[in-house]
Amino acid sequence: MIMKILITGATGYIGYNLAMEAARRNYTVHILVRDLRSSLLPVHPNIIKFKGDITDKTSVVSAMTGCEKVMHAAAIAKLTTKNNDIFYSVNVEGTRNMLDAALALNVKKFVFTSSGAVIGPSGKYPMSENDPRIAAFENDYEISKHWAEELVKEYCRRGLFAIIVAAPRVYGPGPECNGNTMNALFKSILSMRLAFVPSCDHVVANYAFVADVVNGHFLAMEKGLGGEKYILGGENLSYRSFFHIIKQQIGKKIKLIRVPKFLIKLWSFFYMCVCLVIRKETHISPKIIDRLAQNRALSCDKAIRQLGYSITPFAEGIQKTIAHLKNKNYA
Amino acid sequence: MRNENFALITGASEGFGKALALECAARKMNMVLVALPDTGLSNLCCYIERNFGVTAYYFEHDLSKKEECFLLFEKIKEKNFPITVLINNAGIGGTHNFDERDIEFYYKQIGLNVVSPTLLTHLFLQNLSRSTPAYILNVSSLASFFYLPKKQVYGGTKSYLVAFSRSLRRELKSKGISVSVICPGGMNTNPQMVFQNLNITGLGRWSIMDPESVAKIAIDGMLRKKELIIPGFWNNLFMLFDKILPKWYKEMLTETSMKKSRPINSPVRFAITTLKPAA
């Protein structure tokens, strides 16, 4: 029998890859999209498009009807927007609509895509699922995803079989959309001879290859325990090894110039001011530079142990990403 | 040599209390943490022990109840922990009109903010004087100096802590116990507070601090035996203004600032409905 699955956020970075993978796995894939003619739509004979929006409950119900499984990956995945209330109406209330519908329609499995941002910075060791958050929440995005997670747990107590998965900085082939910041970075490195990098060599963060994250979603759906959270990450790398590996894999001469953090913060401040004046949306602000200079190491041990999750080595992931970007003529 | 002394921190599960626990751990203090049941203390203790190599115990009690304060004392006595630092941090906040809450709420607030620190200090005094130098840190608020509307009972309880601490300090000095009191302004404690703080505009926003940085100032001040700790540049500036500005001008400032403070509307709704326990 053919299994039906609803995937939200299918025009986004992770959601697109989830939809394509589900289609490859012979699911009948329902996707809920705001614009049926979006250039970012995943195309496959198994994919059925539904027009709607997670903030609109009726469209959620009609797209979910008949589905045994749901992967909810839709979210406002940025750190700032013009009106920050949208983080709450989409990420929290949209998730509530999804959960409500799933409970009413007797969905068997519900996988919610959360973010490493909810976990926050790390201490001496990589953070795992049970570790407490050690620094204050910083922005509306983090809070909205945290509240969405709390909501998912609440619906689990009400009887929904839901699993939370958390992805950190994700890279790898995928559509050129908003959430795909890592690829934007690689693209700019590919086109440059000179790159300015912050001089905080020792700062460690986690980088997940998108194929691993997608695979992890399906593993969580198969083997995950209800109400549990699984970190689907990749290798923990210091900036030094991060840039070193990228340089090796690009195979072209790039001079990396290390700049002190305060100078980058100063530059980001001016850049932010300029963007404010010319009304351009930007992700860059001094606060985000601070964020990038924090350790954000994660441990995927739980997912590896309980789900059989596996991590693609960063060098291999980068190789595939660069091949993908070169195919699309970015180099 | 391994540090055998313990810090007792109340209200340690979230916000400023958690930040104080992490700061004490970073300074290699062992600790006993107290908070309400099921607030994540076991995970916090695991994290602290693994990352900092100190001993961290926890007890889950509602300190707004007198019996539970006694119970906590008995449990700690049983374990024979030498407590050299007592941090009375647990408290109930809130900004609302006096008639908006029933009297039970105020009893609970006074119980937790006033009675419990008084009682715990009384109970642990002997324990503290046994291994000096010892420290008591009471967590008050800037609201103890500024008589803001909608902070009647809260401000009152926090003023009590300032008076209590400063008087007790003079009494206990000869016993080698230093009493400090910290008065933080707005802090990014829990997600709900951060959410509200993100919506503050103007000067108020600049004065908001992260609990991590306030905790560092707090423990520094406590160990240097400071009497009154006001963290942050802006909060100190407010205190200075309070001293030098004429009364009528201050009144005007308070009134306009309270009018501007964001009422609970639009997105806050998400927070409140989200945090409501399942029916």
# chains A, B, ... in the order shown; residues from 1 in each chain; ligands from 1
call {"tool": "interface_residues", "arguments": {"of": "chain A", "to": "chain B", "cutoff": "8 Å", "atoms": "only C-alpha atoms", "output": "ChimeraX atom specification"}}
result
/A:85,88-89,92-93,123-125,130-132,134-140,143,147,150-151,154,157-158
call {"tool": "select_by_dssp", "arguments": {"residues": "stretch 40-93 of chain B", "states": "alpha helix (DSSP H)", "output": "ChimeraX atom specification"}}
result
/B:41-52,66-79
call {"tool": "residues_around", "arguments": {"residues": "A:Leu256", "least_positions_apart": "6", "cutoff": "12 Å", "atoms": "only C-alpha atoms", "output": "MDAnalysis selection string"}}
result
chainID A and resid 189 192:199 239:240 243:244 246:247
call {"tool": "closest_residue", "arguments": {"among": "A:Gly251, A:Pro260, A:Gly120, A:Gly12", "to": "A:Gln319", "atoms": "only C-alpha atoms"}}
result
A:Gly251
call {"tool": "atom_distance", "arguments": {"atom1": "atom CA of A:Tyr13", "atom2": "atom CA of A:Tyr271"}}
result
26.1 Å
call {"tool": "residues_around", "arguments": {"residues": "A:Glu222", "least_positions_apart": "4", "cutoff": "12 Å", "atoms": "only C-alpha atoms", "output": "list in words"}}
result
Lys69, Lys108, Lys109, Phe110, Val111, Phe161, Ala162, Ile163, Asn215, Gly216, His217, Phe218, Gly226, Gln306, Leu307, Gly308 and Tyr309 of chain A
call {"tool": "write_last_selection", "arguments": {"atoms": "C-alpha atoms", "output": "mmCIF file, in the first residue's frame"}}
result
data_model
loop_
_atom_site.group_PDB
_atom_site.id
_atom_site.type_symbol
_atom_site.label_atom_id
_atom_site.label_comp_id
_atom_site.auth_asym_id
_atom_site.auth_seq_id
_atom_site.Cartn_x
_atom_site.Cartn_y
_atom_site.Cartn_z
ATOM 1 C CA LYS A 69 2.707 10.753 8.490
ATOM 2 C CA LYS A 108 0.451 8.157 13.162
ATOM 3 C CA LYS A 109 3.812 9.927 13.202
ATOM 4 C CA PHE A 110 4.627 13.639 13.348
ATOM 5 C CA VAL A 111 8.208 14.823 12.913
ATOM 6 C CA PHE A 161 3.110 10.516 18.452
ATOM 7 C CA ALA A 162 5.524 13.343 17.705
ATOM 8 C CA ILE A 163 9.293 13.472 17.492
ATOM 9 C CA ASN A 215 18.074 10.758 6.351
ATOM 10 C CA GLY A 216 17.861 11.512 10.081
ATOM 11 C CA HIS A 217 14.293 12.755 9.659
ATOM 12 C CA PHE A 218 13.254 9.435 8.137
ATOM 13 C CA GLY A 226 7.400 9.727 20.965
ATOM 14 C CA GLN A 306 18.954 5.176 19.101
ATOM 15 C CA LEU A 307 18.260 5.859 15.430
ATOM 16 C CA GLY A 308 21.354 4.559 13.680
ATOM 17 C CA TYR A 309 22.076 8.082 12.433
#
call {"tool": "atom_distance", "arguments": {"atom1": "atom CA of B:Lys226", "atom2": "atom CA of B:Leu172"}}
result
13.9 Å
call {"tool": "residues_around", "arguments": {"residues": "B:Pro82", "least_positions_apart": "3", "cutoff": "9 Å", "atoms": "only C-alpha atoms", "output": "list in words"}}
result
Glu4, Asn5, Phe6, Ala7, Ile76, Lys77, Asn127, Leu128, Arg130 and Ser131 of chain B
call {"tool": "residues_around", "arguments": {"residues": "A:Asp100", "least_positions_apart": "4", "cutoff": "10 Å", "atoms": "only C-alpha atoms", "output": "PyMOL selection string"}}
result
chain A and resi 57+60-61+94-96+104-105+155+160
call {"tool": "write_last_selection", "arguments": {"atoms": "N, CA and C atoms", "output": "compact mmCIF listing (two decimals), in the first residue's frame"}}
result
# COMPACT_ATOMS: atom_id res chain seq x y z
N LYS A 57 -5.75 27.30 8.95
CA LYS A 57 -6.07 25.97 9.45
C LYS A 57 -6.80 25.08 8.42
N VAL A 60 -4.44 23.58 6.03
CA VAL A 60 -3.65 22.54 6.69
C VAL A 60 -4.44 21.23 6.72
N VAL A 61 -5.71 21.33 7.11
CA VAL A 61 -6.54 20.13 7.22
C VAL A 61 -6.72 19.46 5.86
N GLY A 94 1.48 28.50 13.69
CA GLY A 94 1.44 27.58 12.54
C GLY A 94 1.65 26.14 13.00
N THR A 95 2.60 25.97 13.92
CA THR A 95 2.86 24.62 14.46
C THR A 95 1.65 24.13 15.23
N ARG A 96 1.00 25.04 15.96
CA ARG A 96 -0.19 24.65 16.70
C ARG A 96 -1.28 24.15 15.74
N ALA A 104 -6.46 15.62 15.34
CA ALA A 104 -7.83 15.39 14.90
C ALA A 104 -7.90 14.34 13.80
N LEU A 105 -6.88 14.31 12.93
CA LEU A 105 -6.92 13.40 11.78
C LEU A 105 -6.21 12.07 12.05
N TYR A 155 1.41 18.38 22.99
CA TYR A 155 0.53 17.52 22.18
C TYR A 155 0.90 16.05 22.32
N LEU A 160 -0.50 12.56 20.84
CA LEU A 160 0.07 12.55 19.49
C LEU A 160 1.45 11.90 19.53
call {"tool": "atom_distance", "arguments": {"atom1": "atom CA of B:Leu86", "atom2": "atom CA of B:Gly232"}}
result
23.0 Å
call {"tool": "residues_around", "arguments": {"residues": "A:Asn26", "least_positions_apart": "3", "cutoff": "10 Å", "atoms": "only C-alpha atoms", "output": "ChimeraX atom specification"}}
result
/A:2-4,20-23,29,45-47
